[in-house]
Every structure is written in structure tokens, then in C-alpha cells.
Amino acid sequence: MNQAEIKRRQAQAIAAILGLAALAVTARLTGYNGVTYVLAALEVYALFDTVVSGGIFDALGRILRLRNAKGQYKNAVVMRRNAILFQGILGLIGAAVLMTAEEITAKVFRIHYSSSILMILAPAVFLRAVSSVLQGYSRGEGAELPTAAASILRQLFIIGFSVIFCNMLGNYGSKVSRLLVQTNFTAMYGGVGVAVAVTLSEVFVVLFLALTYRGNKKNMAAAAKEGMRTTDSPVDSIRILCAGRGMSMLTRLLIILPLPLGLIFFSKASEGSDSAMTEYGVFAAGFGLCCGVIAAVVMILLLPVCGKMMNLFRKEEGRYARQVFQCGVHLGIVHAAFWTVFIAVMAEPVAAVFCGEQAQTATKLFRGGSGLILLFILSYYFAKILILMGKKLLVLGAVAAADVFFIIFVTVSLNTGKAGILSLIYGALVGMGVLSIVLGTLAYRQLKQKMDWLHTLIVPAGAASVAGLAGMLLEKLFTPHLGNLVSLIVCLAVTGAFYWATLILLRNFREQELESIPGGKLIGAIGQLLRVY
């Protein structure tokens, strides 16, 4: 990965944080049951979008870059034209199918308030197909900025439009609810407002990308006149495009699949009760929000490490590349271990601050599922390394295995136990645990390296546990006097400082690591101040 691609992926991680913020806004405007109604429709939409557009902009960008590098400008023009036509037709088919399949949420998910939301989301499948091709155009010209900007703008539009349309339609839903003496219509119409916001946001994203593409169109047309005379046929172009995106699309599909399956199993086991819909909303917009934001921030820190490692491999400096890889594992565990323990021991104030009236349910989720932060970060890092090394098939197999374990565990847990919404947490822990172990084993074997358990895992885990114990005692001391929010901030500052000071005093960061990880210079400066380094 070059610096432009790293920045683009970091921007996409920021966009993911904004997407979680949009989910929190939805919870505020529609209630947690409204979040579930929206997510049921969004999860179906995500599956259709993945089948139609998954992996398109990456595959198209690689194909166009390769052809431009070889001087095959006419072939690049033909590929651009055929890609937009093919994806446009495929997007229209996907949107039409989704619009006519609105009852899927009622029959499969057993959620009767998501059908209208899904129908309004249908046009976004076509719009995403078009925007994916336009992003591929930009990547083919070596421009990562349009894709990064589009990712962030999309989420900002969604947040802004959601506030407008949720309030507008939610007020109408309140009138319907009073008339029919049914409170769920308020949440349903608020969810329709979110669907309108998502679809309208895609319109503006397409317009932004089209304007960006139009600015380079004259240069591309001039280059095409200098290219080769022979060009690929439309069939060849489509075949090459589908082959290039196939592995990425399947992997993304398997990554998304546990979300709708988990909701289907949970809804079936709870018979779609209102309390169950609220619990799932807390699971997504409360637990998912906090843990997702933390994981996304750590991912932003890990991306430069991935890029540096792959650059060293291209220069055939394998020994240094392996050292950087180990630094990335260590960095991920250091950050994730602290947050895993902190969220678990501070579950009550975290739940009270972020989930309000549903704090009791959220507390159970945070205590039982904070380990997902560590497992997700490790899985992401190992998967990214393997993909950059060209081992996409191994990642696909690992994700498939994790999905199987998730499905088996959730099904058994819901049918035989009384864990309720915690069944999804435990299933996710099992699935993500399998994924991180398999991917980690594959990554270390591919690099022919061994794990330094003491330095990389045991010391950070021990320091995080001690810091967590201190945080738990401080929480008991401060919360009755300062309240949940102030207590949470104070405990985070104190335990964070204690944790990092402990790692530095124990010389857990080697000097060569400080040169490879973000923030290494600051850690080194603090270490010198403490006369450790």
C-alpha cells in the first residue's frame, strides 16, 4: 500500500465511525426498536449491494491501472464504458428485485415494520452500483481522494438527512400511532426517514463522483487516441471484471452474513416481541457503537504498519518486514487489551452514559462482549496482511469457518439456553475467536515467524488487568459523588496513564518497535524522561 491508499483506508475507517454515529442518531430519533427495524432492512440491502457491487471499485481500479501502465488506453476506455453499462443494468435488476421482495423482513425476520423501509432503500442498490464504478475510475487514474471523500460525505449526508426526515416522518408516525393506538408506528416512520436519508445521500455521492470524474475526462480522451488499436470485446471486459471482483465479493458477503442470520435466529427465538426488538437495538446502537468506534480507531493506527511491512517485502527486506509485522501485532494487542478490560470493568457507567434507560441490558452486553474488541482487531490485522500478500483464498476459508461456528453456537444457545440477546454476543465471541486464531496461525506460518507470547501478549494483558482492577475501585469510589459521566472520564484518564506508564517502565516496547508504530516517538520521549530507554 502506498501513502495515498493508506490515507484512503483511514478515511474509510473514519467513515465507519460516522456510520456508527448515524446509528446513534437513529436510536435517539426512533428509539432502540426503531434501530432494529432500520437494521433489518439495511442488512438485506447490504446483502444485495454486496452481490451487485462488492469489490467492484478495487477490481476496476486495478484493471484500469494495469492497462494504463501498459499504454492500453483504448482498452481502458472500453473497460470503463462496459463496466458502467454492466453495473448499471445489474444495479437496476438488484433494485427491482429488492423493491418487489419487501415482505422478506416480515416473513424471514418476523419484523413487520421494516417492509416500507426496505422498499425505499431499493433504489440505493442501483446508485451504489454507479458510485462503485465511478470510484473505480478514480482509482484507475491513481486518485484515492475521491473515494475517501465520498466515504465520509456519504455518512455526513446520512446523519444530516436522518435528522431532517426522521423528525418530519416521525411526527407523522406519532399521529398514526395515537390514531391506531399502536406505539410502533412512530419508530417505523422514523425508520422510513432514515431510509430516505440513505437513498438521498447516495444521489449526492453519485453527483460528487460524477463531477470529479468529469474533470479528468478530457485528459483520458486525449490519451485514448494514442493507445492501441485493438480493444477487448464487451464479453471479455465483463468476464475480466467479474473474475477480478469475485473473491472480494464472496469474502465481504461472508463477513456480512452473520448480521442478518443473527437477527433472524434471535427474532425467531423471541417470536419478534417488542422487548426483543429493543434489546437488539441496544446490542447494535449501544454495544456496537462503543466497541466499533474503539476498533475503528485502532484500525487507523494499524494501517501505516501494514503499508510499511508490505513496502519492505517489495524491497526484499524480509527480516525487517517480519519485525514490522510483529510490531503491528503488539500494537494491536496493547490498545485492544486495555479497552477490552476497561469496558468490561466499567460496564455500568459506560452503559448508563451511552444507553440511558436501557442501561441494564447494555451492562450485560458490555461485560459479556468486550472481548470482541481484541478479537476483531487481531482478525482485521491478520486478514489485511494475508490479503496484501495475495492470500485471499485463505482469508475466505477462515471467514467461512468462523461463520459456521457462529451459526452453530447461536442456534444451540438460543434453542437450549436462556441467554437471550447474549447468545449473539457469545456466538460472535466464538466465531471471532476462531477467525483470529486461524488467521493468526496462517499469517505466522506464511511469514515463517513465531509468536513472542511474553512480550506481545502476556505483559500487556497483565498490565491491562491491573489497570482494570484500579479502575473498578475508582469507579466504586467516584460514581456516587461525581456521577457516571465524570467518573468515567476520571477513571479513563487515571487507568490509561497507569497502564501506559506500566508498559514503559517494564520496557514492553523495544527500541526498533518505536520506529515502526504510530506514536512511537512520543513513547520513546516519555521513556527517556523516565530514564527507561
# chains A, B, ... in the order shown; residues from 1 in each chain; ligands from 1
>>> select_by_dssp(residues="range 359-474 of chain A", states="alpha helix (DSSP H)", output="compact mmCIF listing (two decimals) with C-alpha atoms, in the first residue's frame")
# COMPACT_ATOMS: atom_id res chain seq x y z
CA ALA A 359 -28.52 0.55 30.80
CA GLN A 360 -29.37 -2.76 32.46
CA THR A 361 -29.38 -4.66 29.15
CA ALA A 362 -26.34 -2.77 27.90
CA THR A 363 -24.35 -3.57 31.06
CA LYS A 364 -24.72 -7.30 30.40
CA LEU A 365 -23.64 -6.81 26.79
CA PHE A 366 -20.53 -4.81 27.70
CA ARG A 367 -19.44 -7.24 30.39
CA GLY A 368 -20.00 -10.30 28.24
CA GLY A 369 -18.78 -9.00 24.90
CA GLY A 371 -13.50 -9.32 24.32
CA LEU A 372 -14.79 -8.79 20.78
CA ILE A 373 -12.67 -5.64 20.61
CA LEU A 374 -9.44 -7.63 20.93
CA LEU A 375 -10.56 -10.47 18.67
CA PHE A 376 -11.85 -8.15 15.95
CA ILE A 377 -8.68 -6.04 15.87
CA LEU A 378 -6.44 -9.10 15.62
CA SER A 379 -8.64 -10.66 12.95
CA TYR A 380 -8.63 -7.45 10.93
CA TYR A 381 -4.85 -7.09 11.11
CA PHE A 382 -4.08 -10.69 10.19
CA ALA A 383 -6.64 -10.64 7.36
CA LYS A 384 -5.24 -7.39 5.97
CA ILE A 385 -1.69 -8.79 5.98
CA LEU A 386 -2.77 -12.01 4.24
CA ILE A 387 -4.77 -10.10 1.61
CA LEU A 388 -1.83 -7.80 0.88
CA LYS A 392 -7.26 -14.04 -0.38
CA LEU A 393 -8.41 -17.66 -0.63
CA LEU A 394 -7.04 -18.40 2.85
CA VAL A 395 -8.94 -15.42 4.26
CA LEU A 396 -12.12 -16.56 2.52
CA GLY A 397 -11.81 -20.04 4.04
CA ALA A 398 -11.13 -18.66 7.52
CA VAL A 399 -14.18 -16.36 7.36
CA ALA A 400 -16.36 -19.25 6.16
CA ALA A 401 -15.19 -21.41 9.08
CA ALA A 402 -15.91 -18.60 11.55
CA ASP A 403 -19.44 -18.20 10.12
CA VAL A 404 -20.11 -21.92 10.59
CA PHE A 405 -19.06 -21.79 14.25
CA PHE A 406 -21.14 -18.65 14.80
CA ILE A 407 -24.27 -20.22 13.29
CA ILE A 408 -23.90 -23.46 15.24
CA PHE A 409 -23.26 -21.76 18.59
CA VAL A 410 -26.04 -19.16 18.26
CA THR A 411 -28.57 -21.77 17.14
CA VAL A 412 -27.76 -24.11 20.02
CA SER A 413 -27.60 -21.30 22.58
CA LEU A 414 -30.94 -19.76 21.59
CA ASN A 415 -32.74 -23.10 21.49
CA THR A 416 -31.35 -24.63 24.69
CA LEU A 422 -26.30 -12.54 24.97
CA SER A 423 -26.46 -15.56 22.66
CA LEU A 424 -25.43 -13.26 19.80
CA ILE A 425 -22.54 -11.95 21.90
CA TYR A 426 -21.32 -15.43 22.79
CA GLY A 427 -21.73 -16.63 19.20
CA ALA A 428 -19.75 -13.64 17.97
CA LEU A 429 -17.01 -14.35 20.52
CA VAL A 430 -16.76 -17.98 19.35
CA GLY A 431 -16.81 -17.06 15.66
CA MET A 432 -14.37 -14.19 16.03
CA GLY A 433 -12.14 -16.31 18.25
CA VAL A 434 -11.95 -18.99 15.58
CA LEU A 435 -11.28 -16.35 12.94
CA SER A 436 -8.46 -14.65 14.84
CA ILE A 437 -6.77 -17.96 15.71
CA VAL A 438 -6.98 -19.33 12.17
CA LEU A 439 -5.86 -16.08 10.51
CA GLY A 440 -3.10 -15.57 13.07
CA THR A 441 -1.78 -19.10 12.55
CA LEU A 442 -1.86 -18.66 8.78
CA ALA A 443 -0.13 -15.28 8.92
CA TYR A 444 2.68 -16.51 11.17
CA ARG A 445 3.19 -19.60 9.02
CA GLN A 446 3.26 -17.59 5.81
CA LEU A 447 5.90 -15.31 7.34
CA TRP A 453 3.94 -14.61 23.84
CA VAL A 459 2.73 -8.37 29.65
CA PRO A 460 0.04 -6.12 28.03
CA ALA A 461 -2.72 -8.43 29.32
CA GLY A 462 -1.29 -8.36 32.84
CA ALA A 463 -0.88 -4.57 32.82
CA ALA A 464 -4.42 -4.14 31.47
CA SER A 465 -5.80 -6.40 34.21
CA VAL A 466 -4.09 -4.42 36.97
CA ALA A 467 -5.26 -1.14 35.41
CA GLY A 468 -8.78 -2.56 35.16
CA LEU A 469 -8.77 -3.52 38.84
CA ALA A 470 -7.67 0.01 39.73
CA GLY A 471 -10.43 1.43 37.50
CA MET A 472 -13.06 -0.74 39.16
CA LEU A 473 -12.05 0.51 42.62
CA LEU A 474 -12.01 4.14 41.44
>>> residues_around(residues="range 43-46 of chain A", least_positions_apart="3", cutoff="9 Å", atoms="only C-alpha atoms", output="PyMOL selection string")
chain A and resi 38-40+49-51+98+104-105+118+121-122+124-125+253+256-257+259-260
>>> write_last_selection(atoms="C-alpha atoms", output="PDB file, in the first residue's frame")
ATOM      1  CA  VAL A  38     -33.885   0.003  10.199  1.00  0.00           C
ATOM      2  CA  LEU A  39     -31.164  -2.621  10.623  1.00  0.00           C
ATOM      3  CA  ALA A  40     -33.397  -5.457   9.413  1.00  0.00           C
ATOM      4  CA  ASP A  49     -25.428  -4.339  -2.505  1.00  0.00           C
ATOM      5  CA  THR A  50     -22.579  -6.787  -1.912  1.00  0.00           C
ATOM      6  CA  VAL A  51     -23.761  -9.135  -4.651  1.00  0.00           C
ATOM      7  CA  LEU A  98     -35.351  -5.741  -3.693  1.00  0.00           C
ATOM      8  CA  ILE A 104     -38.764 -10.603   3.214  1.00  0.00           C
ATOM      9  CA  THR A 105     -38.396  -8.743   6.502  1.00  0.00           C
ATOM     10  CA  LEU A 118     -36.614  -1.848   2.621  1.00  0.00           C
ATOM     11  CA  LEU A 121     -33.760   1.560   0.234  1.00  0.00           C
ATOM     12  CA  ALA A 122     -34.082  -0.377  -3.042  1.00  0.00           C
ATOM     13  CA  ALA A 124     -29.799   2.836  -3.373  1.00  0.00           C
ATOM     14  CA  VAL A 125     -28.644  -0.539  -4.794  1.00  0.00           C
ATOM     15  CA  LEU A 253     -20.627 -11.471   1.716  1.00  0.00           C
ATOM     16  CA  ILE A 256     -21.816  -9.554   6.458  1.00  0.00           C
ATOM     17  CA  LEU A 257     -23.796 -12.807   6.636  1.00  0.00           C
ATOM     18  CA  LEU A 259     -25.531  -9.993  10.970  1.00  0.00           C
ATOM     19  CA  PRO A 260     -28.812 -10.919   9.239  1.00  0.00           C
TER      20      PRO A 260
END
>>> closest_residue(among="A:Phe342, A:Gln12, A:Leu179, A:Ser114", to="Cys290 in chain A", atoms="only C-alpha atoms")
A:Phe342
>>> closest_residue(among="A:Val205, A:Leu23, A:Ile63, A:Val494", to="Arg239 in chain A", atoms="only C-alpha atoms")
A:Ile63
>>> residues_around(residues="Leu20 in chain A", least_positions_apart="4", cutoff="7 Å", atoms="only C-alpha atoms", output="list in words")
Ala16, Ala24 and Leu289 of chain A
>>> residues_around(residues="Ile117 in chain A", least_positions_apart="5", cutoff="7 Å", atoms="only C-alpha atoms", output="PDB file with C-alpha atoms, in the first residue's frame")
ATOM      1  CA  VAL A  38     -33.885   0.003  10.199  1.00  0.00           C
ATOM      2  CA  ALA A  41     -33.868  -3.551   6.147  1.00  0.00           C
ATOM      3  CA  GLY A 191     -37.031   4.373  10.167  1.00  0.00           C
ATOM      4  CA  VAL A 192     -38.576   5.342   6.827  1.00  0.00           C
ATOM      5  CA  ALA A 195     -34.162   5.046   4.501  1.00  0.00           C
TER       6      ALA A 195
END
>>> closest_residue(among="A:Arg80, A:Lys391, A:Lys450, A:His330", to="Leu134 in chain A", atoms="only C-alpha atoms")
A:Arg80
>>> closest_residue(among="A:Leu263, A:Ala148, A:Ala129, A:Ile526", to="Phe109 in chain A", atoms="only C-alpha atoms")
A:Leu263
>>> residues_around(residues="Asn171 in chain A", least_positions_apart="2", cutoff="12 Å", atoms="only C-alpha atoms", output="PyMOL selection string")
chain A and resi 29-30+164-169+173-178+185-193
>>> closest_residue(among="A:Asn184, A:Tyr73, A:Ile89, A:Val133", to="His112 in chain A", atoms="only C-alpha atoms")
A:Asn184
>>> residues_around(residues="Glu144 in chain A", least_positions_apart="6", cutoff="7 Å", atoms="only C-alpha atoms", output="VMD selection string")
chain A and resid 4 to 5 8 138
>>> atom_distance(atom1="CA of Ile300 in chain A", atom2="CA of Ala13 in chain A")
6.6 Å
